[in-house]
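See below for the structure under consideration.
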Amino acid sequence: MNTDATHTPQGAAFTDLILQVFRLNGQLLVEGDRLTEPLGLTSARWQVLGALQTEGRPLTVAQIGRRMGVSRQNVQRIANDLEDLGFVTFEDNPDHKRSRNIVLTPASVATLEKLDAVQGHWANVMAETMREADLRRAVEVIAMIADRCEELKTD
């Protein structure tokens with residue numbers, strides 16, 4: 001637990017939570033890379049494909065960046081890699097001349113179906129010793145923190 005005198009009790013608890021989230025993020029990226037490597041992907045590539053899959057329609061680089069909370073430049077680099085690998089194509093965007101839409105290819109749809117099965121099994125194994133109510137509460141808390149970050153964001 002963080003006992004720094006500059007923190008309120010809530011601030012110290014929040015800091016402890018963030019440190020664990022950072023730790024977990026690193027572990028999830030390693031696991032994601034392990035799960036996706038046999039299919040020619042990485043965690044980062046999977047995230048971009050997953051954003052398109054979840055939305056169910058083509059998105060621009062900027063839209064994906066906002067959904068993932070990462071820079072447009074990072075998404076562009078990954079999208080270019082995915083295009084080179086045949087997982088996405090770029091199409092003209094009728095709503096914006098310079099911001100093209102990223103579209104899933106049949107190869108990426110098939111790969112995402114395989115990943116859904118692999119991730120489903122992995123998630124079931126990971127969660128088998130946890131209570132569903134605890135996991136749902138964790139989702140709520142993380143969503144509250146994400147919303148608070150958005151509220152306090154200064155651009």
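Starting from 1 in every chain, residues are counted up; chains themselves are A, B, ... following the order of the structure tokens, and ligands are numbered from 1 as listed.
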
Exercise for review: Would you mind listing what lies within 12 Å of Gln119 (chain A) as a list in words, with only C-alpha atoms counted and same-chain residues fewer than 3 positions away left out?
Suggested key: Leu28, Glu31, Gly32, Asp33, Arg34, Leu35, Thr36, Ser43, Trp46, Thr111, Leu112, Glu113, Lys114, Leu115, Asp116, Trp122, Ala123, Asn124, Val125, Met126 and Ala127 of chain A

Just N, CA and C atoms for this one: save the residues we selected as a PDB file, in the first residue's frame.
```
ATOM      1  N   LEU A  28      -0.960  -8.567 -19.669  1.00  0.00           N
ATOM      2  CA  LEU A  28      -1.945  -8.823 -20.717  1.00  0.00           C
ATOM      3  C   LEU A  28      -1.344  -8.662 -22.107  1.00  0.00           C
ATOM      4  N   GLU A  31       0.586 -11.853 -22.734  1.00  0.00           N
ATOM      5  CA  GLU A  31      -0.346 -12.947 -23.023  1.00  0.00           C
ATOM      6  C   GLU A  31      -0.993 -12.757 -24.393  1.00  0.00           C
ATOM      7  N   GLY A  32      -1.374 -11.518 -24.707  1.00  0.00           N
ATOM      8  CA  GLY A  32      -1.970 -11.238 -26.012  1.00  0.00           C
ATOM      9  C   GLY A  32      -1.023 -11.586 -27.143  1.00  0.00           C
ATOM     10  N   ASP A  33       0.254 -11.225 -26.969  1.00  0.00           N
ATOM     11  CA  ASP A  33       1.249 -11.576 -27.987  1.00  0.00           C
ATOM     12  C   ASP A  33       1.388 -13.084 -28.112  1.00  0.00           C
ATOM     13  N   ARG A  34       1.351 -13.775 -26.975  1.00  0.00           N
ATOM     14  CA  ARG A  34       1.462 -15.244 -26.987  1.00  0.00           C
ATOM     15  C   ARG A  34       0.262 -15.875 -27.703  1.00  0.00           C
ATOM     16  N   LEU A  35      -0.937 -15.350 -27.434  1.00  0.00           N
ATOM     17  CA  LEU A  35      -2.146 -15.907 -28.045  1.00  0.00           C
ATOM     18  C   LEU A  35      -2.227 -15.614 -29.543  1.00  0.00           C
ATOM     19  N   THR A  36      -1.735 -14.453 -29.962  1.00  0.00           N
ATOM     20  CA  THR A  36      -1.894 -14.034 -31.353  1.00  0.00           C
ATOM     21  C   THR A  36      -0.744 -14.441 -32.261  1.00  0.00           C
ATOM     22  N   SER A  43      -0.432  -8.160 -29.970  1.00  0.00           N
ATOM     23  CA  SER A  43      -1.494  -7.545 -29.171  1.00  0.00           C
ATOM     24  C   SER A  43      -1.961  -6.234 -29.791  1.00  0.00           C
ATOM     25  N   TRP A  46      -4.011  -6.872 -32.839  1.00  0.00           N
ATOM     26  CA  TRP A  46      -5.287  -7.437 -32.416  1.00  0.00           C
ATOM     27  C   TRP A  46      -6.208  -6.337 -31.906  1.00  0.00           C
ATOM     28  N   THR A 111      -9.387 -14.849 -39.067  1.00  0.00           N
ATOM     29  CA  THR A 111      -8.408 -14.849 -37.980  1.00  0.00           C
ATOM     30  C   THR A 111      -9.058 -14.414 -36.674  1.00  0.00           C
ATOM     31  N   LEU A 112      -9.904 -13.401 -36.731  1.00  0.00           N
ATOM     32  CA  LEU A 112     -10.590 -12.932 -35.514  1.00  0.00           C
ATOM     33  C   LEU A 112     -11.526 -14.008 -34.952  1.00  0.00           C
ATOM     34  N   GLU A 113     -12.143 -14.777 -35.806  1.00  0.00           N
ATOM     35  CA  GLU A 113     -12.980 -15.883 -35.331  1.00  0.00           C
ATOM     36  C   GLU A 113     -12.136 -16.902 -34.574  1.00  0.00           C
ATOM     37  N   LYS A 114     -10.961 -17.224 -35.099  1.00  0.00           N
ATOM     38  CA  LYS A 114     -10.056 -18.141 -34.403  1.00  0.00           C
ATOM     39  C   LYS A 114      -9.606 -17.538 -33.068  1.00  0.00           C
ATOM     40  N   LEU A 115      -9.279 -16.249 -33.087  1.00  0.00           N
ATOM     41  CA  LEU A 115      -8.835 -15.583 -31.857  1.00  0.00           C
ATOM     42  C   LEU A 115      -9.945 -15.527 -30.816  1.00  0.00           C
ATOM     43  N   ASP A 116     -11.183 -15.344 -31.262  1.00  0.00           N
ATOM     44  CA  ASP A 116     -12.296 -15.335 -30.315  1.00  0.00           C
ATOM     45  C   ASP A 116     -12.360 -16.656 -29.551  1.00  0.00           C
ATOM     46  N   TRP A 122      -8.985 -19.022 -22.967  1.00  0.00           N
ATOM     47  CA  TRP A 122      -8.042 -18.399 -22.034  1.00  0.00           C
ATOM     48  C   TRP A 122      -8.789 -17.639 -20.937  1.00  0.00           C
ATOM     49  N   ALA A 123      -9.815 -16.867 -21.320  1.00  0.00           N
ATOM     50  CA  ALA A 123     -10.587 -16.095 -20.338  1.00  0.00           C
ATOM     51  C   ALA A 123     -11.293 -17.019 -19.347  1.00  0.00           C
ATOM     52  N   ASN A 124     -11.835 -18.109 -19.824  1.00  0.00           N
ATOM     53  CA  ASN A 124     -12.510 -19.054 -18.939  1.00  0.00           C
ATOM     54  C   ASN A 124     -11.538 -19.653 -17.917  1.00  0.00           C
ATOM     55  N   VAL A 125     -10.354 -20.008 -18.374  1.00  0.00           N
ATOM     56  CA  VAL A 125      -9.340 -20.556 -17.465  1.00  0.00           C
ATOM     57  C   VAL A 125      -8.915 -19.500 -16.450  1.00  0.00           C
ATOM     58  N   MET A 126      -8.666 -18.285 -16.929  1.00  0.00           N
ATOM     59  CA  MET A 126      -8.238 -17.205 -16.034  1.00  0.00           C
ATOM     60  C   MET A 126      -9.292 -16.909 -14.966  1.00  0.00           C
ATOM     61  N   ALA A 127     -10.547 -16.936 -15.353  1.00  0.00           N
ATOM     62  CA  ALA A 127     -11.626 -16.505 -14.458  1.00  0.00           C
ATOM     63  C   ALA A 127     -12.198 -17.614 -13.583  1.00  0.00           C
TER      64      ALA A 127
END
```

Point to revise | Between CA of Val109 (chain A) and CA of Asn80 (chain A), distance in Å (one decimal) | key: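 About the pair CA of Val109 (chain A) and CA of Asn80 (chain A): they are 17.3 Å apart.
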
Check your understanding: Hey, which of A:Ile102, A:Leu152, A:Ala5, A:Ala143 ends up closest to Arg57 (chain A)? Count only C-alpha atoms.
Key -> A:Ile102

Practice item. Run DSSP on the backbone and give me the residues of region 2-153 of chain A it puts in alpha helix (DSSP H), as an MDAnalysis selection string. Key: chainID A and resid 9:36 43:55 61:68 72:84 106:127 132:152

**Study point:** Residue neighbourhood His96 (chain A), 12 Å, only C-alpha atoms, exclusion window fewer than 5 positions, as JSON, numbers by chain
**Key:** {"A": [59, 60, 61, 62, 91, 101]}

**Study point:** Within 10 Å of Pro58 (chain A) using only C-alpha atoms, minus same-chain residues under 6 positions, as a VMD selection string
**Key:** chain A and resid 51 to 52 64 88 to 91 93 100 to 104

Practice item. Looking only at strand (DSSP E) from DSSP on the backbone, list the matching residues of chain A as a count of residues only. Key: 17

Exercise for review: Using CA of Asp81 (chain A) and CA of Pro106 (chain A) as the two end points, give the distance in Å to one decimal.
Suggested key: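 Atom-to-atom, CA of Asp81 (chain A) and CA of Pro106 (chain A) are spaced 16.5 Å apart.
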
Check your understanding: Mind pulling up the distance from CA of Gly86 (chain A) to CA of Leu39 (chain A)?
Key -> 12.5 Å
